[in-house]
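Q: Have a peek at model.cif (mmCIF, C-alpha atoms).
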data_input
loop_
_atom_site.group_PDB
_atom_site.id
_atom_site.type_symbol
_atom_site.label_atom_id
_atom_site.label_comp_id
_atom_site.auth_asym_id
_atom_site.auth_seq_id
_atom_site.Cartn_x
_atom_site.Cartn_y
_atom_site.Cartn_z
ATOM 1 C CA MET A 1 145.142 67.281 242.654
ATOM 2 C CA PRO A 2 141.920 68.045 244.568
ATOM 3 C CA VAL A 3 142.284 69.149 248.176
ATOM 4 C CA GLU A 4 139.792 68.024 250.801
ATOM 5 C CA PHE A 5 138.706 70.416 253.527
ATOM 6 C CA GLY A 6 136.787 69.684 256.719
ATOM 7 C CA ARG A 7 135.120 71.527 259.568
ATOM 8 C CA TYR A 8 135.735 71.142 263.263
ATOM 9 C CA LEU A 9 134.452 72.854 266.384
ATOM 10 C CA VAL A 10 136.855 74.001 269.108
ATOM 11 C CA LEU A 11 135.566 73.639 272.687
ATOM 12 C CA SER A 12 137.130 73.930 276.106
ATOM 13 C CA THR A 13 138.182 70.693 277.759
ATOM 14 C CA SER A 14 136.023 71.816 280.690
ATOM 15 C CA HIS A 15 132.978 70.715 278.680
ATOM 16 C CA VAL A 16 133.821 67.160 279.790
ATOM 17 C CA CYS A 17 134.161 66.034 283.395
ATOM 18 C CA LEU A 18 137.430 64.711 284.791
ATOM 19 C CA SER A 19 136.374 61.049 284.541
ATOM 20 C CA THR A 20 135.490 61.561 280.865
ATOM 21 C CA ALA A 21 138.882 63.221 280.326
ATOM 22 C CA ASP A 22 140.512 60.122 281.813
ATOM 23 C CA ARG A 23 138.477 57.926 279.447
ATOM 24 C CA LEU A 24 139.463 59.996 276.434
ATOM 25 C CA ASP A 25 143.140 59.658 277.408
ATOM 26 C CA ALA A 26 142.735 55.901 277.813
ATOM 27 C CA TRP A 27 140.819 55.481 274.552
ATOM 28 C CA ALA A 28 143.382 57.540 272.622
ATOM 29 C CA ALA A 29 146.096 55.116 273.803
ATOM 30 C CA LEU A 30 144.198 52.021 272.622
ATOM 31 C CA ASP A 31 144.464 50.360 269.253
ATOM 32 C CA ARG A 32 141.978 52.036 266.907
ATOM 33 C CA SER A 33 139.885 48.856 266.630
ATOM 34 C CA LEU A 34 139.291 48.835 270.411
ATOM 35 C CA ARG A 35 138.038 52.417 270.788
ATOM 36 C CA PRO A 36 134.296 53.143 271.077
ATOM 37 C CA LEU A 37 134.889 56.347 269.080
ATOM 38 C CA ALA A 38 137.612 58.002 267.019
ATOM 39 C CA VAL A 39 139.797 60.049 269.391
ATOM 40 C CA ALA A 40 143.377 61.315 269.358
ATOM 41 C CA SER A 41 145.331 63.067 272.081
ATOM 42 C CA THR A 42 146.670 66.528 271.292
ATOM 43 C CA HIS A 43 148.628 66.958 274.552
ATOM 44 C CA GLU A 44 146.344 69.957 275.256
ATOM 45 C CA GLY A 45 143.108 67.995 274.849
ATOM 46 C CA TRP A 46 141.599 65.647 272.246
ATOM 47 C CA PHE A 47 140.480 65.544 268.667
ATOM 48 C CA VAL A 48 137.201 63.596 268.504
ATOM 49 C CA ALA A 49 135.071 62.543 265.532
ATOM 50 C CA SER A 50 131.536 63.865 265.996
ATOM 51 C CA ARG A 51 129.717 61.229 263.935
ATOM 52 C CA GLU A 52 126.939 59.214 265.544
ATOM 53 C CA ILE A 53 128.112 56.150 267.411
ATOM 54 C CA PRO A 54 126.279 52.841 266.892
ATOM 55 C CA GLU A 55 125.126 50.633 269.725
ATOM 56 C CA PRO A 56 126.615 49.006 271.804
ATOM 57 C CA TYR A 57 129.500 51.532 271.716
ATOM 58 C CA CYS A 58 127.174 54.452 272.419
ATOM 59 C CA ARG A 59 126.536 53.175 275.957
ATOM 60 C CA LYS A 60 130.258 53.493 276.732
ATOM 61 C CA VAL A 61 130.376 57.212 275.890
ATOM 62 C CA PRO A 62 129.516 59.680 278.690
ATOM 63 C CA LEU A 63 126.422 61.812 278.166
ATOM 64 C CA GLU A 64 128.208 65.177 278.179
ATOM 65 C CA LEU A 65 130.532 63.947 275.431
ATOM 66 C CA LEU A 66 127.586 62.702 273.359
ATOM 67 C CA ALA A 67 125.921 66.117 273.807
ATOM 68 C CA ALA A 68 129.067 67.927 272.605
ATOM 69 C CA MET A 69 129.320 65.605 269.609
ATOM 70 C CA ARG A 70 125.661 66.212 268.724
ATOM 71 C CA PHE A 71 126.205 69.986 269.085
ATOM 72 C CA ALA A 72 129.135 69.796 266.632
ATOM 73 C CA ARG A 73 127.109 67.716 264.141
ATOM 74 C CA ASP A 74 124.239 70.216 264.331
ATOM 75 C CA LEU A 75 126.730 72.929 263.298
ATOM 76 C CA GLY A 76 127.923 70.815 260.355
ATOM 77 C CA CYS A 77 131.240 69.880 261.975
ATOM 78 C CA SER A 78 132.766 66.439 261.483
ATOM 79 C CA TYR A 79 135.150 66.769 264.425
ATOM 80 C CA LEU A 80 135.560 68.354 267.832
ATOM 81 C CA LEU A 81 138.802 69.750 269.135
ATOM 82 C CA PHE A 82 138.725 69.872 272.920
ATOM 83 C CA ASP A 83 141.473 72.298 273.927
ATOM 84 C CA CYS A 84 142.440 73.414 277.426
ATOM 85 C CA ASP A 85 142.877 77.015 276.228
ATOM 86 C CA ALA A 86 139.579 77.252 274.327
ATOM 87 C CA ASP A 87 136.554 79.165 275.573
ATOM 88 C CA THR A 88 133.427 77.592 276.998
ATOM 89 C CA ILE A 89 129.986 78.042 275.476
ATOM 90 C CA ASP A 90 126.649 78.446 277.225
ATOM 91 C CA ALA A 91 124.963 75.675 275.234
ATOM 92 C CA LEU A 92 126.913 72.868 276.979
ATOM 93 C CA PRO A 93 127.599 72.046 280.638
ATOM 94 C CA VAL A 94 130.916 73.109 282.161
ATOM 95 C CA PHE A 95 132.745 70.969 284.697
ATOM 96 C CA PRO A 96 135.280 72.394 287.163
ATOM 97 C CA TRP A 97 138.526 70.484 287.258
#
What does the file become when written as structure tokens?
A:
Amino acid sequence: MPVEFGRYLVLSTSHVCLSTADRLDAWAALDRSLRPLAVASTHEGWFVASREIPEPYCRKVPLELLAAMRFARDLGCSYLLFDCDADTIDALPVFPW
């Protein structure tokens, strides 16, 4: 049986602001059909699909989250894992919580 592998980028949760963190929590709790993007809570952060989001959903996603998703795509990653224990990177803004 073939096994499928994927790539994901691990970033600190501090790469999103507190209001975006609240949105991610709220979106993760919604029915999948109601979310503007694919997101799941990990209890330490979120697992987020990095694929491009079509309009009109794109307007609902905060700019710093879109930038992180684009950064992951540019590295060939299909997903982002935002983790509270992960390091920050210089290429993306950092928000103090």
Q: Measuring atom to atom with only C-alpha atoms, identify which of A:Tyr8, A:Phe82, A:Ser33, A:Ser19 is nearest to A:Tyr57.
A: A:Ser33
Q: On this structure, the PyMOL selection byres ((chain A and resi 53) around 12) would catch which residues? List them as a ChimeraX atom specification, sorted by chain and number.
A: /A:35-38,48-52,54-62,65-66,69-70
Q: Carefully work through the PyMOL selection byres ((chain A and resi 76) around 10) for this structure and note down the residues it includes, as a list of chain:residue names.
A: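 The output of the PyMOL selection byres ((chain A and resi 76) around 10) on this file is A:Gly6, A:Arg7, A:Tyr8, A:Leu9, A:Ser50, A:Arg70, A:Phe71, A:Ala72, A:Arg73, A:Asp74, A:Leu75, A:Cys77, A:Ser78, A:Tyr79.
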Q: Can you write out the residues you just picked, keeping C-alpha atoms, as a PDB file, keeping the file's coordinate frame?
A:
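Result written to part10.pdb:
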ATOM      1  CA  GLY A   6     136.787  69.684 256.719  1.00  0.00           C
ATOM      2  CA  ARG A   7     135.120  71.527 259.568  1.00  0.00           C
ATOM      3  CA  TYR A   8     135.735  71.142 263.263  1.00  0.00           C
ATOM      4  CA  LEU A   9     134.452  72.854 266.384  1.00  0.00           C
ATOM      5  CA  SER A  50     131.536  63.865 265.996  1.00  0.00           C
ATOM      6  CA  ARG A  70     125.661  66.212 268.724  1.00  0.00           C
ATOM      7  CA  PHE A  71     126.205  69.986 269.085  1.00  0.00           C
ATOM      8  CA  ALA A  72     129.135  69.796 266.632  1.00  0.00           C
ATOM      9  CA  ARG A  73     127.109  67.716 264.141  1.00  0.00           C
ATOM     10  CA  ASP A  74     124.239  70.216 264.331  1.00  0.00           C
ATOM     11  CA  LEU A  75     126.730  72.929 263.298  1.00  0.00           C
ATOM     12  CA  CYS A  77     131.240  69.880 261.975  1.00  0.00           C
ATOM     13  CA  SER A  78     132.766  66.439 261.483  1.00  0.00           C
ATOM     14  CA  TYR A  79     135.150  66.769 264.425  1.00  0.00           C
TER      15      TYR A  79
END
Q: Could you tell me which of A:Asp22, A:Asp31, A:Asp83, A:Glu4 comes closest to A:Trp46 if we count all atoms listed in the file?
A: A:Asp83
Q: Tell me which of A:Phe5, A:Cys17, A:Ala86, A:Thr42 sits closest to A:Ala29, counting only C-alpha atoms.
A: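 Selected residue with least distance to A:Ala29: A:Thr42.
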Q: Decode the PyMOL selection byres ((chain A and resi 11) around 9) for the given file into explicit residues and return them as a PyMOL selection string.
A: chain A and resi 9-10+12-15+68+80-89
Q: So how many Å separate atom CA of A:Gly45 and atom CA of A:Leu24, to one decimal?
A: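 Atom CA of A:Leu24 lies 8.9 Å from atom CA of A:Gly45.
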Q: Just to confirm, what's the straight-line distance from atom CA of A:Leu18 to atom CA of A:Ala40 in Å (one decimal)?
A: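 These two atoms are separated by 16.9 Å.
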Q: Rounded to one decimal, what separation in Å do you get between atom CA of A:Ala67 and atom CA of A:Ala21?
A: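 If I compute the distance from atom CA of A:Ala67 to atom CA of A:Ala21, I get 14.8 Å.
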Q: Give, as lines of an AutoDock Vina configuration file, the centre coordinates and the x, y and z edge lengths in Å to one decimal for an axis-aligned box around all listed atoms of stretch 84-93 of chain A, padded by 4 Å on each side.
A:
center_x = 133.9
center_y = 75.6
center_z = 277.5
size_x = 25.9
size_y = 15.1
size_z = 14.3
Q: Considering all atoms listed in the file, state which residue in the set A:Val16, A:Trp97, A:Ala91, A:Ser41 is at the smallest distance from A:Ala28.
A: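 Closest to A:Ala28 of all the choices is A:Ser41.
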